[in-house]
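Shown next: work-v7.txt, given as compact mmCIF, C-alpha atoms.
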# COMPACT_ATOMS: atom_id res chain seq x y z
CA MET A 33 -74.89 103.74 189.78
CA GLN A 34 -74.14 107.45 189.42
CA PRO A 35 -72.37 108.60 186.24
CA VAL A 36 -68.72 109.60 186.63
CA ASP A 37 -68.00 113.30 186.98
CA PRO A 38 -64.78 114.31 185.11
CA ALA A 39 -63.29 115.57 188.38
CA GLU A 40 -63.98 112.16 189.90
CA LEU A 41 -62.03 110.54 187.10
CA SER A 42 -59.01 112.63 188.12
CA ALA A 43 -59.51 111.64 191.74
CA TYR A 44 -59.85 107.97 190.74
CA LEU A 45 -56.54 108.24 188.89
CA ASP A 46 -54.94 109.73 192.01
CA GLY A 47 -56.37 106.96 194.20
CA GLU A 48 -58.33 109.52 196.19
CA LEU A 49 -61.90 108.18 195.87
CA THR A 50 -63.57 106.20 198.63
CA PRO A 51 -63.20 102.42 198.12
CA ASP A 52 -66.92 102.06 197.26
CA ARG A 53 -66.90 104.84 194.70
CA ALA A 54 -63.59 103.61 193.25
CA ARG A 55 -65.19 100.18 192.66
CA GLU A 56 -68.15 101.85 190.90
CA VAL A 57 -65.85 103.91 188.68
CA ALA A 58 -63.78 100.82 187.85
CA ALA A 59 -66.97 99.00 186.83
CA LEU A 60 -68.06 101.91 184.61
CA LEU A 61 -64.61 102.11 183.03
CA ALA A 62 -64.89 98.46 182.10
CA THR A 63 -68.17 98.98 180.25
CA ASP A 64 -67.94 102.51 178.81
CA PRO A 65 -65.37 102.86 175.97
CA ASP A 66 -65.63 106.67 175.86
CA LEU A 67 -65.01 106.96 179.57
CA ARG A 68 -62.13 104.46 179.24
CA SER A 69 -60.61 106.53 176.45
CA SER A 70 -60.82 109.74 178.54
CA TYR A 71 -59.26 107.93 181.47
CA ASP A 72 -56.41 106.48 179.40
CA GLU A 73 -55.60 109.91 177.98
CA LEU A 74 -55.65 111.43 181.45
CA ALA A 75 -53.47 108.63 182.85
CA SER A 76 -50.93 108.94 180.05
CA THR A 77 -50.57 112.71 180.48
CA ASP A 78 -50.41 112.33 184.24
CA ALA A 79 -47.64 109.71 183.99
CA ASP A 80 -45.61 112.05 181.73
CA TRP A 81 -46.00 114.94 184.19
CA ILE A 82 -45.10 112.78 187.18
CA ALA A 83 -41.93 111.62 185.41
CA ALA A 84 -41.05 115.19 184.40
CA ALA A 85 -41.62 116.55 187.91
CA SER A 86 -39.58 113.73 189.45
CA SER A 87 -36.63 114.63 187.24
CA ALA A 88 -36.45 118.03 189.01
CA CYS A 89 -35.74 116.33 192.36
CA PHE A 90 -32.25 116.16 193.82
CA SER A 91 -30.81 115.67 197.28
CA PRO A 92 -30.08 119.13 198.64
CA VAL A 93 -27.30 119.74 201.12
CA THR A 94 -29.10 120.90 204.25
CA ASP A 95 -27.83 121.53 207.70
CA ILE A 96 -30.40 121.38 210.46
CA PRO A 97 -28.74 122.47 213.70
CA VAL A 98 -30.59 120.20 216.08
CA GLN A 99 -27.90 120.55 218.78
CA LYS A 100 -27.50 116.82 219.14
CA VAL A 101 -24.58 114.58 219.99
CA PHE A 102 -25.11 110.96 218.97
CA GLY A 103 -28.86 111.43 218.77
CA ILE A 104 -29.43 113.04 222.17
CA SER A 105 -29.35 116.66 223.23
CA ARG A 106 -26.06 118.26 224.32
CA LEU A 107 -27.57 118.77 227.77
CA THR A 108 -28.40 115.07 228.17
CA PHE A 109 -24.95 114.16 226.83
CA THR A 110 -23.29 116.46 229.40
CA ALA A 111 -25.50 115.08 232.19
CA ILE A 112 -24.56 111.47 231.35
CA VAL A 113 -20.84 112.25 231.22
CA GLY A 114 -21.12 114.22 234.49
CA MET A 115 -22.98 111.36 236.14
CA LEU A 116 -20.30 108.87 235.04
CA ILE A 117 -17.52 111.04 236.47
CA ALA A 118 -19.45 111.53 239.72
CA LEU A 119 -20.05 107.78 240.02
CA CYS A 120 -16.38 106.98 239.46
CA VAL A 121 -15.22 109.59 241.98
CA THR A 122 -17.78 108.40 244.56
CA ALA A 123 -16.74 104.80 243.98
CA LYS A 124 -13.08 105.64 244.55
CA THR A 125 -13.80 107.48 247.78
CA SER A 126 -16.35 104.98 249.07
CA ASP A 127 -15.66 103.20 252.38
CA THR A 128 -17.29 99.86 251.71
CA VAL A 129 -16.25 97.42 249.00
CA VAL A 130 -19.86 96.49 248.17
CA TRP A 131 -20.86 100.11 247.65
CA SER A 132 -17.74 100.77 245.56
CA LEU A 133 -18.38 97.67 243.41
CA THR A 134 -22.03 98.66 242.90
CA LEU A 135 -21.09 102.15 241.74
CA HIS A 136 -18.45 100.74 239.40
CA ALA A 137 -21.01 98.32 237.99
CA VAL A 138 -23.51 101.16 237.39
CA ALA A 139 -20.81 103.24 235.69
CA LEU A 140 -19.82 100.25 233.56
CA ALA A 141 -23.47 99.59 232.58
CA LEU A 142 -23.94 103.24 231.59
CA THR A 143 -20.74 103.20 229.56
CA PHE A 144 -21.75 99.97 227.83
CA THR A 145 -25.23 101.37 227.00
CA TRP A 146 -23.56 104.47 225.66
CA ILE A 147 -21.22 102.44 223.39
CA VAL A 148 -24.15 100.38 222.06
CA ARG A 149 -26.06 103.56 221.34
CA MET A 150 -23.12 105.08 219.45
CA ALA A 151 -22.72 101.87 217.44
CA ARG A 152 -26.41 101.97 216.50
CA GLU A 153 -26.14 105.61 215.43
CA ASP A 154 -23.13 104.71 213.26
CA GLN A 155 -25.07 101.85 211.71
CA LYS A 156 -28.03 104.14 210.97
CA GLU A 157 -25.81 106.75 209.36
CA SER A 158 -23.95 104.23 207.23
CA GLY A 159 -27.04 102.82 205.81
CA MET B 434 -44.85 119.46 220.51
CA LEU B 435 -42.19 118.21 218.10
CA ASP B 436 -38.60 118.47 219.24
CA ALA B 437 -35.74 119.33 216.91
CA GLN B 438 -34.71 115.71 216.45
CA GLN B 439 -38.24 114.62 215.51
CA TYR B 440 -38.47 117.58 213.16
CA ALA B 441 -35.24 116.57 211.41
CA GLN B 442 -36.48 113.00 211.07
CA LEU B 443 -39.79 114.09 209.55
CA LEU B 444 -38.05 116.50 207.21
CA LYS B 445 -35.37 114.18 205.87
CA PRO B 446 -37.61 112.10 203.53
CA LEU B 447 -39.17 115.29 202.11
CA LEU B 448 -35.96 117.01 201.07
CA ALA B 449 -35.52 115.64 197.53
CA ARG B 450 -39.14 116.50 196.67
CA ALA B 451 -38.75 119.85 198.36
CA ALA B 452 -35.72 120.56 196.19
CA GLY B 453 -37.72 119.69 193.08
CA TYR B 454 -40.61 121.88 194.19
CA ALA B 455 -38.30 124.83 194.93
CA ARG B 456 -36.53 124.27 191.63
CA SER B 457 -39.86 124.41 189.76
CA ILE B 458 -40.45 127.87 191.22
CA LEU B 459 -36.91 129.28 191.16
CA ARG B 460 -35.61 127.34 188.11
CA ASP B 461 -32.14 127.25 189.54
CA ARG B 462 -30.57 124.39 191.45
CA GLN B 463 -28.46 126.53 193.78
CA HIS B 464 -31.33 128.87 194.64
CA ALA B 465 -33.58 125.85 195.20
CA GLU B 466 -31.03 124.38 197.60
CA ASP B 467 -30.80 127.70 199.44
CA ALA B 468 -34.59 127.94 199.70
CA VAL B 469 -34.80 124.41 201.14
CA GLN B 470 -32.09 125.23 203.68
CA GLN B 471 -33.85 128.46 204.63
CA ALA B 472 -37.20 126.67 205.00
CA ALA B 473 -35.55 123.94 207.11
CA LEU B 474 -34.25 126.60 209.51
CA ARG B 475 -37.48 128.58 209.51
CA GLY B 476 -39.44 125.42 210.29
CA LEU B 477 -37.11 124.71 213.20
CA GLU B 478 -37.64 128.23 214.54
CA ARG B 479 -41.41 127.90 214.19
CA LEU B 480 -41.87 124.42 215.64
CA ARG B 481 -44.23 125.87 218.25
CA THR B 482 -46.64 126.92 215.49
CA PHE B 483 -46.95 123.36 214.15
CA ASP B 484 -50.42 121.96 214.80
CA GLU B 485 -50.11 118.18 215.07
CA ALA B 486 -53.67 117.77 213.76
CA ARG B 487 -52.39 119.11 210.45
CA PRO B 488 -50.15 117.06 208.14
CA PHE B 489 -46.49 117.92 208.72
CA LYS B 490 -45.82 117.96 204.98
CA SER B 491 -48.49 120.64 204.42
CA TRP B 492 -47.15 122.81 207.19
CA TRP B 493 -43.57 122.56 206.02
CA PHE B 494 -44.29 123.01 202.31
CA SER B 495 -46.15 126.23 203.17
CA ILE B 496 -42.95 127.46 204.80
CA LEU B 497 -40.93 126.33 201.80
CA HIS B 498 -43.32 128.10 199.43
CA ASN B 499 -42.85 131.35 201.34
CA SER B 500 -39.06 130.89 201.32
CA CYS B 501 -39.16 130.42 197.55
CA ILE B 502 -41.27 133.54 197.09
CA ASP B 503 -38.91 135.54 199.32
CA MET B 504 -35.93 134.26 197.35
CA LEU B 505 -37.62 135.02 194.06
CA ARG B 506 -38.25 138.59 195.21
CA ALA B 507 -34.72 138.99 196.55
CA ASN B 508 -33.13 137.61 193.37
CA ARG B 509 -35.51 139.03 190.84
CA GLY B 510 -32.99 141.47 189.39
CA PRO B 511 -29.92 139.22 189.10
CA LEU B 512 -31.91 136.16 187.95
CA HIS B 513 -33.52 138.10 185.12
CA VAL B 514 -30.18 139.52 184.05
CA GLU B 515 -28.66 136.03 183.99
CA LEU B 516 -31.49 134.65 181.90
CA GLU B 517 -31.45 137.54 179.50
CA THR B 518 -27.68 137.31 179.12
CA HIS B 519 -27.97 133.60 178.50
CA ASP B 520 -30.69 134.05 175.88
CA LEU B 521 -28.72 136.71 174.08
CA ALA B 522 -25.51 134.75 174.16
CA THR B 523 -26.89 131.56 172.65
CA THR B 524 -27.77 131.37 168.98
CA GLU B 525 -29.74 128.13 169.33
CA PRO B 526 -32.72 127.61 171.61
CA ARG B 527 -31.74 126.31 175.06
CA ASP B 528 -32.21 122.58 175.58
CA THR B 529 -35.05 122.71 178.08
CA SER B 530 -35.55 119.67 180.25
CA ASP B 531 -38.93 118.01 180.80
CA TRP B 532 -39.37 119.44 184.29
CA GLU B 533 -38.60 122.95 183.03
CA ARG B 534 -41.18 122.64 180.25
CA LEU B 535 -43.69 121.47 182.84
CA ALA B 536 -42.75 124.31 185.22
CA VAL B 537 -43.02 126.88 182.42
CA GLY B 538 -46.42 125.48 181.43
CA MET B 539 -47.64 125.75 185.03
CA GLU B 540 -46.29 129.25 185.38
CA GLN B 541 -48.57 130.48 182.62
CA LEU B 542 -51.70 129.36 184.47
CA PRO B 543 -53.74 131.39 186.97
CA THR B 544 -52.29 131.34 190.51
CA ASP B 545 -54.75 128.86 192.03
CA HIS B 546 -54.21 126.35 189.21
CA ARG B 547 -50.45 126.85 189.23
CA GLU B 548 -50.13 126.32 192.98
CA ILE B 549 -52.22 123.19 193.17
CA LEU B 550 -50.38 121.62 190.22
CA ARG B 551 -46.93 122.43 191.62
CA LEU B 552 -47.89 120.96 194.97
CA LYS B 553 -49.41 117.89 193.36
CA TYR B 554 -46.67 117.06 190.88
CA PHE B 555 -43.47 118.59 192.23
CA ALA B 556 -44.20 118.21 195.95
CA ASP B 557 -46.28 115.01 195.62
CA LEU B 558 -48.95 116.07 198.11
CA SER B 559 -52.11 114.01 198.67
CA TYR B 560 -55.58 115.58 198.49
CA ARG B 561 -55.67 115.86 202.29
CA GLU B 562 -52.29 117.57 202.31
CA LEU B 563 -53.30 119.83 199.41
CA ALA B 564 -56.48 120.80 201.27
CA ALA B 565 -54.47 121.66 204.40
CA THR B 566 -51.77 123.56 202.50
CA LEU B 567 -54.20 125.62 200.43
CA SER B 568 -56.80 125.92 203.23
CA ILE B 569 -59.61 124.62 201.03
CA PRO B 570 -61.99 121.64 201.43
CA GLN B 571 -60.98 118.32 199.84
CA GLY B 572 -63.94 118.55 197.45
CA THR B 573 -62.54 121.82 196.15
CA VAL B 574 -59.13 120.18 195.75
CA MET B 575 -60.72 117.55 193.51
CA SER B 576 -62.52 120.02 191.25
CA ARG B 577 -59.69 122.56 191.18
CA LEU B 578 -57.11 119.94 190.35
CA HIS B 579 -59.26 118.61 187.54
CA LEU B 580 -59.69 122.09 186.02
CA ALA B 581 -56.00 122.86 186.50
CA ARG B 582 -55.00 119.64 184.73
CA LYS B 583 -57.26 120.48 181.81
CA ALA B 584 -55.81 123.99 181.59
CA LEU B 585 -52.23 122.69 181.76
CA ALA B 586 -52.85 120.02 179.12
CA LYS B 587 -54.24 122.72 176.83
CA LYS B 588 -51.27 124.99 177.51
CA MET B 589 -48.76 122.20 176.89
CA ARG B 590 -50.47 121.28 173.60
CA GLU B 591 -50.25 124.94 172.51
CA GLU B 592 -46.53 125.01 173.34
CA GLU B 593 -45.75 121.92 171.23

Once you've parsed the file, please lay out its structure as structure tokens.
Amino acid sequence: MQPVDPAELSAYLDGELTPDRAREVAALLATDPDLRSSYDELASTDADWIAAASSACFSPVTDIPVQKVFGISRLTFTAIVGMLIALCVTAKTSDTVVWSLTLHAVALALTFTWIVRMAREDQKESG
Amino acid sequence: MLDAQQYAQLLKPLLARAAGYARSILRDRQHAEDAVQQAALRGLERLRTFDEARPFKSWWFSILHNSCIDMLRANRGPLHVELETHDLATTEPRDTSDWERLAVGMEQLPTDHREILRLKYFADLSYRELAATLSIPQGTVMSRLHLARKALAKKMREEE
């Protein structure tokens, strides 16, 4: 088993060694009191720094203009609304009852999908 | 290529850390918030330059770093005046928080040590992400981080 390089001890602490090497280092730490002492000191300092750095975090107010309406692009939103209007107009002017009913059903399905989607977006935003 | 919506989704979980990272450089909450906002917009404008083989976090924190440096340069005069005024006005030493002490300690180190420590502790980057952000091999990340930690520990002991 290779001795532990001090830089490797840092990497072990960060969980960045390969699983095999991490097992070797763990075994050496269990048998070498000096190495254990160095590791404990390193771990204690590291924990203090992590806690200190975390205390600098806060949730910034950011505005990312992604040009979206309810999670889809404005263009898609406009296309869907346009398609619904076109379907309704076509259905009204259609000669046959079957064709008219079909178009109304498609418009209704699209509207329903749209409502479900909005509800999901609301749920996501609320939590 | 990422679209704007995907970009926003990837960015959202990074924002609190990004604010902490920016704050460690700028030492001011409002300026940190401005830098994060600026980096968020810059990232959006540069989505085409994002290489999906590279970690998103590395790419975006590089942009944030540059925004912080730009802001630091732009505000150098006023910020210094504010700090000097504050120091002169107070008779007792300012109650420095833990993160500020850590940031001050890092600031006194050579650039390569300072950058890797800020990215490790304030931005919480992994070795892979550090390697991509700093354009160095992962082996170098390991050795540099170790040396930087030693140097910071020494500096912090001296400050106490």

(message) Using all atoms listed in the file and a distance of at most 8 Å, pull out the residues of chain B that contact chain A, as a ChimeraX atom specification.
(response) /B:437-438,441,448-454,456-457,466,469-470,473-474,477,531-532,535,554-555,560,575-576,578-580,586

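From CA of Pro570 (chain B) back to CA of Ala75 (chain A), the distance works out to 24.2 Å.
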
(message) Can you pull out the residues contacting Leu480 (chain B)? Cut-off 9 Å, using only C-alpha atoms, and skip same-chain residues under 4 positions away; I want them as a list of chain:residue names.
(response) B:Met434, B:Leu435, B:Asp436, B:Ala437, B:Tyr440, B:Arg475, B:Gly476, B:Asp484

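When CA of Leu447 (chain B) is paired with CA of Gln463 (chain B), their separation reads 17.6 Å.
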
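CA of Leu459 (chain B) is positioned 19.6 Å from CA of Ser491 (chain B).
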
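Around Ala468 (chain B), within 9 Å and counting only C-alpha atoms, the residues found are B:Ala452, B:Ala455, B:Leu459, B:Leu497, B:His498, B:Ser500, B:Cys501, B:Asp503, B:Met504, once anything fewer than 6 positions away on its own chain is removed.
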
(request) Write out as JSON, numbers by chain which residues come within 12 Å of region 117-128 of chain A when counting all atoms listed in the file, dropping same-chain ones fewer than 4 positions away. (result) {"A": [110, 111, 112, 113, 132, 133, 134, 135, 136, 137, 138, 139, 140, 141, 142, 143]}

(request) Could you give me, as a ChimeraX atom specification, the residues within 12 Å of Glu548 (chain B), counting only C-alpha atoms and dropping anything in the same chain fewer than 2 positions from it? (result) /B:454,457-458,494-495,498,536,539-546,550-556,558,563-564,566-567,574,577-578,581-582,585

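For the residues B:His464, B:Lys490, B:Arg590, B:Lys583, ranking by smallest atom-to-atom distance to Ala507 (chain B) using all atoms listed in the file places B:His464 first.
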
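Neighbourhood of point (-56.5, 105.0, 181.6): residues with an atom at most 12 Å away, counting only C-alpha atoms, are A:Leu41, A:Ser42, A:Tyr44, A:Leu45, A:Asp46, A:Val57, A:Ala58, A:Leu61, A:Ala62, A:Pro65, A:Asp66, A:Leu67, A:Arg68, A:Ser69, A:Ser70, A:Tyr71, A:Asp72, A:Glu73, A:Leu74, A:Ala75, A:Ser76, A:Thr77, A:Asp78, A:Ala79.
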
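If only C-alpha atoms are the atoms counted, then among B:Gly572, B:Glu592, B:Asn508, B:Asp557 the closest residue to Asp467 (chain B) is B:Asn508.
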
With N, CA and C atoms retained, output region 569-584 of chain B as a PDB file, in the first residue's frame.
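Ended up saving to decode36.pdb:
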ATOM      1  N   ILE B 569      -7.178  23.750 -15.679  1.00  0.00           N
ATOM      2  CA  ILE B 569      -6.002  22.990 -15.228  1.00  0.00           C
ATOM      3  C   ILE B 569      -6.407  21.521 -15.048  1.00  0.00           C
ATOM      4  N   PRO B 570      -5.436  20.585 -15.079  1.00  0.00           N
ATOM      5  CA  PRO B 570      -5.802  19.176 -14.882  1.00  0.00           C
ATOM      6  C   PRO B 570      -6.272  18.922 -13.442  1.00  0.00           C
ATOM      7  N   GLN B 571      -7.050  17.848 -13.249  1.00  0.00           N
ATOM      8  CA  GLN B 571      -7.575  17.549 -11.916  1.00  0.00           C
ATOM      9  C   GLN B 571      -6.463  17.264 -10.903  1.00  0.00           C
ATOM     10  N   GLY B 572      -5.352  16.695 -11.396  1.00  0.00           N
ATOM     11  CA  GLY B 572      -4.217  16.437 -10.504  1.00  0.00           C
ATOM     12  C   GLY B 572      -3.650  17.744  -9.951  1.00  0.00           C
ATOM     13  N   THR B 573      -3.634  18.754 -10.790  1.00  0.00           N
ATOM     14  CA  THR B 573      -3.151  20.074 -10.365  1.00  0.00           C
ATOM     15  C   THR B 573      -4.119  20.697  -9.364  1.00  0.00           C
ATOM     16  N   VAL B 574      -5.413  20.444  -9.575  1.00  0.00           N
ATOM     17  CA  VAL B 574      -6.426  20.946  -8.629  1.00  0.00           C
ATOM     18  C   VAL B 574      -6.114  20.400  -7.241  1.00  0.00           C
ATOM     19  N   MET B 575      -5.843  19.082  -7.194  1.00  0.00           N
ATOM     20  CA  MET B 575      -5.588  18.417  -5.913  1.00  0.00           C
ATOM     21  C   MET B 575      -4.385  19.033  -5.205  1.00  0.00           C
ATOM     22  N   SER B 576      -3.281  19.172  -5.916  1.00  0.00           N
ATOM     23  CA  SER B 576      -2.065  19.702  -5.271  1.00  0.00           C
ATOM     24  C   SER B 576      -2.206  21.195  -4.952  1.00  0.00           C
ATOM     25  N   ARG B 577      -2.821  21.934  -5.880  1.00  0.00           N
ATOM     26  CA  ARG B 577      -2.964  23.381  -5.640  1.00  0.00           C
ATOM     27  C   ARG B 577      -3.891  23.664  -4.461  1.00  0.00           C
ATOM     28  N   LEU B 578      -4.946  22.894  -4.400  1.00  0.00           N
ATOM     29  CA  LEU B 578      -5.902  23.092  -3.306  1.00  0.00           C
ATOM     30  C   LEU B 578      -5.251  22.769  -1.963  1.00  0.00           C
ATOM     31  N   HIS B 579      -4.447  21.724  -1.959  1.00  0.00           N
ATOM     32  CA  HIS B 579      -3.766  21.357  -0.715  1.00  0.00           C
ATOM     33  C   HIS B 579      -2.841  22.491  -0.255  1.00  0.00           C
ATOM     34  N   LEU B 580      -2.039  23.002  -1.193  1.00  0.00           N
ATOM     35  CA  LEU B 580      -1.104  24.087  -0.850  1.00  0.00           C
ATOM     36  C   LEU B 580      -1.859  25.350  -0.432  1.00  0.00           C
ATOM     37  N   ALA B 581      -2.954  25.615  -1.125  1.00  0.00           N
ATOM     38  CA  ALA B 581      -3.749  26.805  -0.815  1.00  0.00           C
ATOM     39  C   ALA B 581      -4.358  26.699   0.577  1.00  0.00           C
ATOM     40  N   ARG B 582      -4.823  25.500   0.919  1.00  0.00           N
ATOM     41  CA  ARG B 582      -5.393  25.292   2.267  1.00  0.00           C
ATOM     42  C   ARG B 582      -4.335  25.525   3.334  1.00  0.00           C
ATOM     43  N   LYS B 583      -3.148  24.999   3.071  1.00  0.00           N
ATOM     44  CA  LYS B 583      -2.060  25.183   4.050  1.00  0.00           C
ATOM     45  C   LYS B 583      -1.757  26.658   4.238  1.00  0.00           C
ATOM     46  N   ALA B 584      -1.682  27.368   3.100  1.00  0.00           N
ATOM     47  CA  ALA B 584      -1.351  28.802   3.146  1.00  0.00           C
ATOM     48  C   ALA B 584      -2.450  29.582   3.869  1.00  0.00           C
TER      49      ALA B 584
END
